[in-house]
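A.B. asks: This is run-v3.tsv (TSV, C-alpha atoms and all ligand atoms).
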chain	number	residue	atom	x	y	z
A	1	MET	CA	122.00	116.47	118.77
A	2	THR	CA	122.87	120.15	118.61
A	3	ASP	CA	122.85	123.18	120.93
A	4	HIS	CA	120.20	125.83	120.44
A	5	PRO	CA	122.06	129.17	120.12
A	6	LEU	CA	119.74	130.96	122.57
A	7	LEU	CA	118.48	128.26	124.91
A	8	GLY	CA	121.71	126.32	125.05
A	9	LYS	CA	119.83	122.99	125.36
A	10	LYS	CA	120.51	119.98	123.18
A	11	PHE	CA	118.04	119.51	120.30
A	12	GLU	CA	117.72	116.54	118.00
A	13	ARG	CA	118.03	117.47	114.33
A	14	VAL	CA	115.03	116.10	112.43
A	15	LYS	CA	115.68	115.09	108.83
A	16	ARG	CA	113.13	116.64	106.47
A	17	VAL	CA	112.62	115.64	102.87
A	18	ILE	CA	111.92	118.75	100.81
A	19	GLU	CA	110.33	117.91	97.46
A	20	ARG	CA	110.47	120.61	94.81
A	21	GLU	CA	108.79	121.20	91.48
A	22	PHE	CA	110.32	123.91	89.28
A	23	GLY	CA	112.23	125.00	92.37
A	24	VAL	CA	109.05	125.56	94.38
A	25	PRO	CA	108.64	123.32	97.47
A	26	VAL	CA	105.72	120.90	97.31
A	27	PRO	CA	103.58	121.56	100.42
A	28	GLY	CA	103.98	119.21	103.37
A	29	ASP	CA	106.76	116.99	104.66
A	30	ILE	CA	107.24	113.37	103.71
A	31	VAL	CA	106.71	111.40	106.91
A	32	PRO	CA	108.19	107.99	107.88
A	33	ALA	CA	106.65	105.11	105.90
A	34	GLU	CA	104.78	103.72	108.90
A	35	GLN	CA	102.69	106.93	108.98
A	36	TRP	CA	101.73	106.87	105.28
A	37	THR	CA	98.02	106.89	104.50
A	38	ASN	CA	95.91	105.52	101.66
A	39	THR	CA	94.13	108.38	99.92
A	40	ALA	CA	93.06	106.61	96.70
A	41	ILE	CA	89.47	105.69	96.04
A	42	LYS	CA	90.07	102.95	93.49
A	43	LYS	CA	86.44	102.46	92.51
A	44	LEU	CA	83.58	104.84	93.04
A	45	PRO	CA	80.22	103.37	94.08
A	46	PRO	CA	77.34	103.43	91.57
A	47	PRO	CA	75.96	106.97	90.94
A	48	GLY	CA	74.20	108.51	93.92
A	49	PRO	CA	75.15	111.13	96.52
A	50	LEU	CA	78.57	110.28	97.98
A	51	ASN	CA	78.73	109.87	101.72
A	52	PHE	CA	81.80	112.00	102.49
A	53	ALA	CA	81.46	111.39	106.23
A	54	GLU	CA	81.96	107.67	105.53
A	55	PHE	CA	85.09	108.30	103.40
A	56	PHE	CA	86.70	110.53	106.03
A	57	GLY	CA	85.30	108.98	109.20
A	58	ARG	CA	83.99	112.34	110.41
A	59	THR	CA	81.69	115.19	109.41
A	60	ALA	CA	83.60	118.27	108.24
A	61	PRO	CA	83.34	120.89	105.48
A	62	VAL	CA	84.25	119.35	102.11
A	63	MET	CA	86.38	120.98	99.41
A	64	LEU	CA	86.42	119.63	95.85
A	65	ASP	CA	89.51	120.25	93.67
A	66	ILE	CA	88.29	119.41	90.15
A	67	GLY	CA	90.87	118.65	87.44
A	68	CYS	CA	93.42	118.62	90.25
A	69	GLY	CA	96.37	117.40	88.14
A	70	ASN	CA	99.23	116.54	90.49
A	71	ALA	CA	97.18	118.16	93.28
A	72	ARG	CA	99.61	120.74	94.59
A	73	SER	CA	96.60	122.95	95.48
A	74	THR	CA	94.93	120.09	97.36
A	75	LEU	CA	98.10	119.29	99.30
A	76	ALA	CA	98.63	122.88	100.43
A	77	SER	CA	95.04	123.22	101.58
A	78	ALA	CA	95.03	119.81	103.32
A	79	VAL	CA	98.34	120.43	105.09
A	80	TRP	CA	97.22	123.81	106.44
A	81	ARG	CA	93.53	123.13	107.02
A	82	HIS	CA	93.12	119.94	109.03
A	83	ASP	CA	89.49	120.83	109.71
A	84	VAL	CA	88.54	120.61	106.00
A	85	ASP	CA	88.12	117.34	104.06
A	86	HIS	CA	89.39	117.33	100.46
A	87	PHE	CA	87.97	115.29	97.61
A	88	SER	CA	90.07	115.79	94.49
A	89	THR	CA	89.46	114.40	91.06
A	90	ASP	CA	90.85	114.29	87.55
A	91	VAL	CA	90.06	112.34	84.40
A	92	LEU	CA	93.64	111.12	84.01
A	93	PRO	CA	94.56	108.08	86.14
A	94	VAL	CA	98.28	108.86	85.84
A	95	VAL	CA	98.03	112.29	87.49
A	96	ILE	CA	95.82	110.87	90.23
A	97	ARG	CA	98.55	108.27	90.88
A	98	TYR	CA	101.13	111.09	91.36
A	99	ALA	CA	98.72	113.04	93.55
A	100	THR	CA	97.84	110.01	95.65
A	101	ARG	CA	101.47	109.06	96.22
A	102	ARG	CA	102.33	112.54	97.47
A	103	ALA	CA	99.31	112.75	99.79
A	104	ASN	CA	99.99	109.23	101.13
A	105	GLN	CA	103.64	110.05	101.79
A	106	ARG	CA	102.58	113.13	103.74
A	107	GLY	CA	100.34	111.00	105.96
A	108	LEU	CA	97.29	113.11	105.11
A	109	LYS	CA	94.00	111.87	106.52
A	110	ASN	CA	91.80	114.66	105.15
A	111	VAL	CA	92.27	113.90	101.42
A	112	ARG	CA	90.80	111.36	98.97
A	113	PHE	CA	91.38	111.12	95.23
A	114	ALA	CA	89.23	109.59	92.51
A	115	VAL	CA	89.36	109.37	88.72
A	116	ILE	CA	86.21	110.99	87.33
A	117	GLY	CA	85.22	113.93	85.11
A	118	GLY	CA	84.14	117.13	86.83
A	119	ARG	CA	80.70	117.26	85.24
A	120	GLU	CA	79.98	113.62	86.09
A	121	LEU	CA	81.15	114.15	89.67
A	122	LEU	CA	78.77	117.05	90.28
A	123	ALA	CA	75.85	115.70	88.24
A	124	ASP	CA	75.90	112.11	89.52
A	125	TYR	CA	77.67	112.03	92.90
A	126	VAL	CA	77.19	115.29	94.78
A	127	ALA	CA	74.04	116.06	96.78
A	128	PRO	CA	72.66	119.57	96.21
A	129	HIS	CA	73.99	122.28	98.54
A	130	SER	CA	76.35	119.90	100.35
A	131	ILE	CA	79.83	121.23	99.51
A	132	ALA	CA	81.76	124.04	101.23
A	133	GLU	CA	84.26	124.87	98.44
A	134	ILE	CA	84.83	123.98	94.80
A	135	HIS	CA	88.20	124.87	93.25
A	136	VAL	CA	88.99	124.63	89.54
A	137	TYR	CA	92.53	125.63	88.57
A	138	HIS	CA	93.51	125.88	84.90
A	139	PRO	CA	90.90	123.72	83.18
A	140	GLN	CA	92.35	122.52	79.87
A	141	PRO	CA	91.52	125.03	77.08
A	142	PHE	CA	91.66	122.33	74.31
A	143	TYR	CA	93.09	124.12	71.29
A	144	ASP	CA	92.01	121.63	68.62
A	145	ALA	CA	88.53	122.41	67.25
A	146	ARG	CA	87.70	118.69	67.38
A	147	LEU	CA	88.25	118.66	71.16
A	148	VAL	CA	86.39	121.85	72.06
A	149	HIS	CA	83.44	119.74	73.26
A	150	LYS	CA	85.69	118.48	76.09
A	151	ARG	CA	86.00	121.91	77.73
A	152	LEU	CA	84.99	121.64	81.37
A	153	ILE	CA	83.65	125.14	81.95
A	154	THR	CA	80.24	125.18	80.30
A	155	PRO	CA	77.04	126.85	81.48
A	156	GLU	CA	75.80	123.44	82.65
A	157	PHE	CA	78.98	122.85	84.70
A	158	ILE	CA	78.73	126.29	86.34
A	159	ALA	CA	75.06	125.60	87.13
A	160	LEU	CA	76.10	122.28	88.70
A	161	VAL	CA	78.71	124.08	90.82
A	162	HIS	CA	75.93	126.44	91.95
A	163	ARG	CA	73.68	123.48	92.80
A	164	SER	CA	76.45	121.61	94.67
A	165	LEU	CA	77.65	124.43	96.92
A	166	ALA	CA	76.09	125.10	100.28
A	167	PRO	CA	74.67	128.63	100.72
A	168	GLY	CA	77.64	130.99	101.02
A	169	GLY	CA	79.98	128.27	99.69
A	170	LEU	CA	83.16	129.25	97.88
A	171	PHE	CA	83.91	128.84	94.16
A	172	VAL	CA	87.52	129.42	93.03
A	173	LEU	CA	88.25	129.56	89.30
A	174	GLN	CA	91.59	130.24	87.63
A	175	THR	CA	93.09	130.07	84.13
A	176	ASP	CA	96.04	131.42	82.15
A	177	ASN	CA	94.08	131.38	78.89
A	178	PRO	CA	92.70	134.84	77.98
A	179	GLY	CA	89.98	133.42	75.70
A	180	TYR	CA	88.76	131.02	78.39
A	181	TRP	CA	88.82	133.80	81.00
A	182	LYS	CA	86.73	136.06	78.78
A	183	TYR	CA	84.17	133.28	78.44
A	184	MET	CA	84.19	132.61	82.20
A	185	GLN	CA	83.63	136.31	82.87
A	186	GLN	CA	80.57	136.17	80.63
A	187	ILE	CA	78.97	133.08	82.23
A	188	VAL	CA	80.04	132.81	85.87
A	189	PRO	CA	78.55	136.11	87.20
A	190	LEU	CA	75.13	134.96	86.00
A	191	PHE	CA	75.26	132.30	88.74
A	192	PHE	CA	77.76	133.69	91.27
A	193	GLU	CA	78.60	136.91	93.09
A	194	PHE	CA	82.00	136.78	91.46
A	195	THR	CA	85.05	138.95	92.14
A	196	GLU	CA	88.21	139.00	90.07
A	197	LEU	CA	91.36	138.76	92.19
A	198	PRO	CA	94.32	140.73	90.85
A	199	GLY	CA	97.95	139.99	91.68
A	200	LYS	CA	99.22	136.73	93.11
A	201	TRP	CA	97.84	134.40	95.76
A	202	PRO	CA	99.09	135.81	99.08
A	203	ASP	CA	99.51	132.22	100.36
A	204	SER	CA	101.39	131.02	97.25
A	205	PRO	CA	102.97	133.93	95.33
A	206	ARG	CA	104.91	131.48	93.11
A	207	GLY	CA	101.71	129.62	92.25
A	208	ARG	CA	99.17	127.40	93.96
A	209	THR	CA	99.31	124.77	91.22
A	210	ARG	CA	101.84	123.21	88.86
A	211	ARG	CA	100.23	124.91	85.85
A	212	GLU	CA	100.18	128.29	87.59
A	213	ILE	CA	103.87	127.99	88.46
A	214	ILE	CA	104.69	127.21	84.81
A	215	ALA	CA	102.56	130.11	83.52
A	216	LEU	CA	104.12	132.60	85.95
A	217	ARG	CA	107.63	131.39	85.06
A	218	GLN	CA	106.79	132.09	81.40
A	219	GLY	CA	105.64	135.60	82.33
A	220	LEU	CA	102.04	134.86	81.35
A	221	PRO	CA	99.10	136.51	83.09
A	222	VAL	CA	97.05	134.34	85.40
A	223	PHE	CA	93.37	135.21	85.76
A	224	ARG	CA	91.37	134.23	88.81
A	225	GLY	CA	88.22	134.97	90.71
A	226	THR	CA	86.22	133.72	93.64
A	227	GLY	CA	82.50	133.74	94.20
A	228	THR	CA	79.53	132.62	96.22
A	229	PRO	CA	76.27	131.27	94.73
A	230	ARG	CA	73.76	133.96	93.85
A	231	VAL	CA	70.69	133.68	96.04
A	232	ASP	CA	68.35	135.46	93.62
A	233	ILE	CA	68.00	132.44	91.30
A	234	ALA	CA	65.46	129.76	92.16
A	235	ALA	CA	67.12	126.33	92.45
A	236	ASP	CA	64.75	124.94	89.77
A	237	ASP	CA	65.79	127.66	87.32
A	238	VAL	CA	69.56	127.21	87.52
A	239	LEU	CA	69.89	124.39	84.99
A	240	LYS	CA	67.22	125.96	82.75
A	241	ILE	CA	69.18	129.24	82.60
A	242	ALA	CA	72.29	127.26	81.68
A	243	GLU	CA	70.52	125.71	78.70
A	244	SER	CA	69.90	129.17	77.23
A	245	LEU	CA	73.58	130.22	77.36
A	246	PRO	CA	76.28	129.84	74.69
A	247	PRO	CA	78.71	126.91	74.84
A	248	PRO	CA	82.47	127.60	75.24
A	249	THR	CA	83.45	127.90	71.58
A	250	PHE	CA	86.05	130.66	72.10
A	251	ASP	CA	89.41	130.70	70.29
A	252	ALA	CA	91.96	129.29	72.75
A	253	ASP	CA	94.90	130.63	70.68
A	254	ARG	CA	97.11	127.76	69.57
A	255	LYS	CA	100.25	129.82	70.28
A	256	LEU	CA	99.67	129.07	73.97
A	257	LYS	CA	99.87	125.34	73.26
A	258	GLU	CA	103.64	125.41	73.87
A	259	LEU	CA	102.90	125.74	77.58
A	260	ASP	CA	101.25	122.33	77.56
A	261	LYS	CA	104.51	120.68	76.53
A	262	LEU	CA	106.20	122.14	79.60
A	263	GLU	CA	103.31	121.05	81.76
A	264	HIS	CA	103.38	117.46	80.58
A	265	GLY	CA	107.18	117.16	80.67
A	266	SER	CA	107.94	114.71	83.45
A	267	ASP	CA	111.24	116.28	84.46
A	268	SER	CA	110.87	119.57	86.26
A	269	GLY	CA	114.62	119.57	86.95
A	270	ASP	CA	114.01	118.96	90.63
A	271	ARG	CA	114.98	116.18	92.95
A	272	PRO	CA	113.89	115.69	96.55
A	273	GLN	CA	116.51	117.18	98.87
A	274	ARG	CA	117.25	116.30	102.46
A	275	ARG	CA	117.61	119.16	104.84
A	276	GLY	CA	118.15	119.22	108.58
A	277	LYS	CA	115.66	121.04	110.79
A	278	ARG	CA	115.96	121.96	114.40
B	301	LIG	C1	95.95	122.19	82.64
B	301	LIG	S1	95.77	120.85	83.77
B	301	LIG	C2	95.69	121.71	85.33
B	301	LIG	C3	95.97	120.81	86.49
B	301	LIG	C4	96.01	121.53	87.84
B	301	LIG	N1	94.69	121.97	88.24
B	301	LIG	C5	96.98	122.68	87.77
B	301	LIG	O1	96.51	123.84	87.78
B	301	LIG	O2	98.18	122.42	87.71
B	301	LIG	C6	94.09	120.40	83.48
B	301	LIG	C7	93.71	119.10	84.19
B	301	LIG	O3	92.32	118.88	84.01
B	301	LIG	C8	92.11	117.51	83.75
B	301	LIG	N2	90.81	117.41	83.04
B	301	LIG	C9	90.56	117.57	81.72
B	301	LIG	N3	89.24	117.43	81.49
B	301	LIG	C10	88.66	117.18	82.69
B	301	LIG	C11	87.32	116.94	83.11
B	301	LIG	N4	86.31	116.93	82.25
B	301	LIG	N5	87.10	116.71	84.42
B	301	LIG	C12	88.11	116.71	85.32
B	301	LIG	N6	89.39	116.92	84.97
B	301	LIG	C13	89.66	117.16	83.68
B	301	LIG	C14	93.31	117.08	82.95
B	301	LIG	O4	93.51	115.68	82.99
B	301	LIG	C15	94.42	117.87	83.63
B	301	LIG	O5	95.01	117.15	84.68
Would you kindly transcribe this structure into structure tokens?

C.D. replies:
Amino acid sequence: MTDHPLLGKKFERVKRVIEREFGVPVPGDIVPAEQWTNTAIKKLPPPGPLNFAEFFGRTAPVMLDIGCGNARSTLASAVWRHDVDHFSTDVLPVVIRYATRRANQRGLKNVRFAVIGGRELLADYVAPHSIAEIHVYHPQPFYDARLVHKRLITPEFIALVHRSLAPGGLFVLQTDNPGYWKYMQQIVPLFFEFTELPGKWPDSPRGRTRREIIALRQGLPVFRGTGTPRVDIAADDVLKIAESLPPPTFDADRKLKELDKLEHGSDSGDRPQRRGKR
């Protein structure tokens, strides 16, 4: 117990566990174990529109964080926006395990995680015009020519984002790769009213995601934009237009590959710290 300097009353000091990554606090507090949740969806049902209301036990706007990595962006949004449900996915089970553990330990009820590719998620599991927001932060550029076919941002993917979003829904796209950004600038405005956002995120000037934090620490530019689906394209034409557009065969510049080593390094030099809070 301690005295408040102004009110003079006794206050109990609450122990907080502050988790940091590259010195930047991970959003949300770790709560006592009895309040932990279970945010993992271990096995998705067979393809067909997902019933998000069933997953979350309520009907609320749904945000997808595709290629979420360790899901820093999901956590921040879920901690601050209790009225939004978050469905976050990645192809790598190991990063989903990290993400799930953090969300569970924060007692979050408005988050679920699943292992699935972004294209497959939108093509096979998302009903048309059902999603409020789709966020894609730093899709992997894939430097090796043999892996270029794995790039997430293709005309078909952007068309699927268009099909998935509700009218007026929000698309957020961000990368630190200049070649990828140039390609995105070519394709995305064909489907979205898209605006480039200069500067840093006002809500997270040190970075919304792990990859963004690393890029900013290296002094690299981060490119981002947000958009809403264009209404002047007939729903039936969206996928047809995509078929006529060039695939993402840009040069990702192998020099930038060094950044990946930092990103995949397990030790960010941080340890959870305990700190008292009034
Ligand atoms: C560069 S990391 C960025 C992670 C996180 N969004 C961030 O900004 O820190 C790219 C992530 O996309 C995932 N990924 C790669 N291909 C994917 C795909 N087709 N669908 C979904 N996720 C994918 C990778 O496993 C990796 O976690």

A.B. asks: Please provide as a PyMOL selection string all residues within 12 Å of Gly48 (chain A), with the sequence filter that same-chain residues fewer than 5 positions apart are discarded (counting all atoms listed in the file).

C.D. replies: chain A and resi 120-128

A.B. asks: Tell me, as a ChimeraX atom specification, which residues lie within 12 Å of Ala215 (chain A), counting only C-alpha atoms; anything in the same chain fewer than 2 positions away does not count.

C.D. replies: /A:22,138,174-177,206-213,217-223,256-263

A.B. asks: Write out as a Markdown table the residues of chain A that have any atom within 7 Å of an atom of ligand LIG 301 (chain B), one row each with the nearest atom pair and its distance in Å to one decimal, counting all atoms listed in the file, sorted by chain and then rising number.

C.D. replies:
| residue | atom | partner | partner_atom | distance |
| --- | --- | --- | --- | --- |
| A:Ile66 | CA | B:LIG301 | C12 | 5.5 |
| A:Gly67 | CA | B:LIG301 | N6 | 3.4 |
| A:Cys68 | CA | B:LIG301 | N1 | 4.1 |
| A:Gly69 | CA | B:LIG301 | O5 | 3.7 |
| A:Asn70 | CA | B:LIG301 | C4 | 6.5 |
| A:Ala71 | CA | B:LIG301 | C4 | 6.5 |
| A:Thr89 | CA | B:LIG301 | C12 | 6.3 |
| A:Asp90 | CA | B:LIG301 | N6 | 4.0 |
| A:Val91 | CA | B:LIG301 | N6 | 4.7 |
| A:Leu92 | CA | B:LIG301 | O4 | 4.7 |
| A:Val95 | CA | B:LIG301 | O5 | 6.4 |
| A:Ile116 | CA | B:LIG301 | C12 | 6.4 |
| A:Gly117 | CA | B:LIG301 | N5 | 3.4 |
| A:Gly118 | CA | B:LIG301 | N5 | 3.8 |
| A:Arg119 | CA | B:LIG301 | N4 | 6.4 |
| A:Val136 | CA | B:LIG301 | N1 | 6.4 |
| A:Tyr137 | CA | B:LIG301 | N1 | 4.3 |
| A:His138 | CA | B:LIG301 | O1 | 4.6 |
| A:Pro139 | CA | B:LIG301 | C6 | 4.6 |
| A:Gln140 | CA | B:LIG301 | C6 | 4.5 |
| A:Lys150 | CA | B:LIG301 | N4 | 6.4 |
| A:Arg151 | CA | B:LIG301 | N3 | 6.7 |
| A:Leu152 | CA | B:LIG301 | N4 | 5.0 |
| A:Thr209 | CA | B:LIG301 | O2 | 4.4 |
| A:Arg210 | CA | B:LIG301 | O2 | 3.9 |
| A:Arg211 | CA | B:LIG301 | O2 | 3.7 |
| A:Glu212 | CA | B:LIG301 | O1 | 5.8 |

A.B. asks: Looking at A:Pro61, A:Pro248, A:Asn51, A:Ser73, which one is nearest to Leu147 (chain A), with distances taken over all atoms listed in the file?

C.D. replies: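 For Leu147 (chain A), the nearest of the given residues is A:Pro248.
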
A.B. asks: Set the distance at 12 Å and use only C-alpha atoms: which residues neighbour Pro25 (chain A) once local chain neighbours fewer than 2 positions away are removed? I'd like the list as JSON, numbers by chain.

C.D. replies: {"A": [17, 18, 19, 20, 21, 22, 23, 27, 28, 29, 30, 72, 75, 76, 204, 206, 207, 208, 209, 210, 213, 270, 271, 272, 273]}

A.B. asks: Quick one: contact table of region 189-258 of chain A to region 153-160 of chain A, 7 Å max, nearest atom pair and distance in Å to one decimal per residue, counting all atoms listed in the file, chain and number order, as a tab-separated table?

C.D. replies:
residue	atom	partner	partner_atom	distance
A:Phe191	CA	A:Ala159	CA	6.9
A:Val238	CA	A:Ala159	CA	5.7
A:Leu239	CA	A:Ala159	CA	5.7
A:Ala242	CA	A:Pro155	CA	4.8
A:Glu243	CA	A:Glu156	CA	7.0
A:Leu245	CA	A:Pro155	CA	6.3
A:Pro247	CA	A:Thr154	CA	5.9
A:Pro248	CA	A:Thr154	CA	6.0

A.B. asks: From the list A:Ala60, A:Ala235, A:Leu173, A:Val111, which residue is nearest Asn38 (chain A) when using all atoms listed in the file?

C.D. replies: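 Smallest distance to Asn38 (chain A) is found for A:Val111.
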
A.B. asks: Check the smallest atom-to-atom distance from each of A:Glu133, A:Asp203, A:Asp236, A:Asp144 to Asp251 (chain A) using all atoms listed in the file, then report the winner.

C.D. replies: A:Asp144

A.B. asks: Would you please work out which residue, of A:Asp253, A:Asp237, A:Asp232, A:Glu193, is nearest to Pro178 (chain A) when using only C-alpha atoms?

C.D. replies: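 With only C-alpha atoms as the atom set, the closest residue is A:Asp253.
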
A.B. asks: In Å, rounded to a single decimal, give me how far CA of Arg146 (chain A) is from CA of Ser88 (chain A).

C.D. replies: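 Distance between the two atoms: 27.4 Å.
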
A.B. asks: Identify, on the basis of all atoms listed in the file, every residue whose closest approach to Phe171 (chain A) does not exceed 10 Å; exclude the query and any residue fewer than 2 positions from it along the same chain; express the result as a list in words.

C.D. replies: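 Skipping anything fewer than 2 positions along the chain leaves Met63, Leu64, Ala132, Glu133, Ile134, His135, Val136, Ile158, Val161, His162, Leu165, Gly168, Gly169, Leu173, Val188, Phe192, Glu193, Phe194, Gly225, Thr226, Gly227, Thr228 and Pro229 of chain A.
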
A.B. asks: Could you state the separation of CA of Val94 (chain A) and CA of Pro32 (chain A) in Å, given to one decimal place?

C.D. replies: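 Going from CA of Val94 (chain A) over to CA of Pro32 (chain A) covers 24.2 Å.
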
A.B. asks: The centre and edge lengths of an axis-aligned box containing all atoms of region 193-197 of chain A present in the file, extended by 4 Å on each side, are to be given in Å to one decimal, as lines of an AutoDock Vina configuration file.

C.D. replies:
center_x = 85.0
center_y = 137.9
center_z = 91.6
size_x = 20.8
size_y = 10.2
size_z = 11.0

A.B. asks: Which residue gives the smallest distance to Arg230 (chain A) among A:Pro202, A:Pro47, A:Pro141, A:Pro189, with only C-alpha atoms counted?

C.D. replies: A:Pro189

A.B. asks: Check the smallest atom-to-atom distance from each of A:Ile131, A:Ala252, A:Leu216, A:Ala114 to Ala40 (chain A) using all atoms listed in the file, then report the winner.

C.D. replies: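 Result for the nearest residue to Ala40 (chain A): A:Ala114.
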
A.B. asks: Take CA of Phe87 (chain A) and CA of Val172 (chain A) and report the distance between them in Å, one decimal.

C.D. replies: 14.9 Å

A.B. asks: Tell me, as a list in words, which residues lie within 9 Å of Thr39 (chain A), counting all atoms listed in the file; anything in the same chain fewer than 3 positions away does not count.

C.D. replies: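 The residues that qualify are Thr100, Arg101, Ala103, Asn104, Leu108, Lys109, Asn110, Val111, Arg112, Phe113 and Ala114 of chain A.
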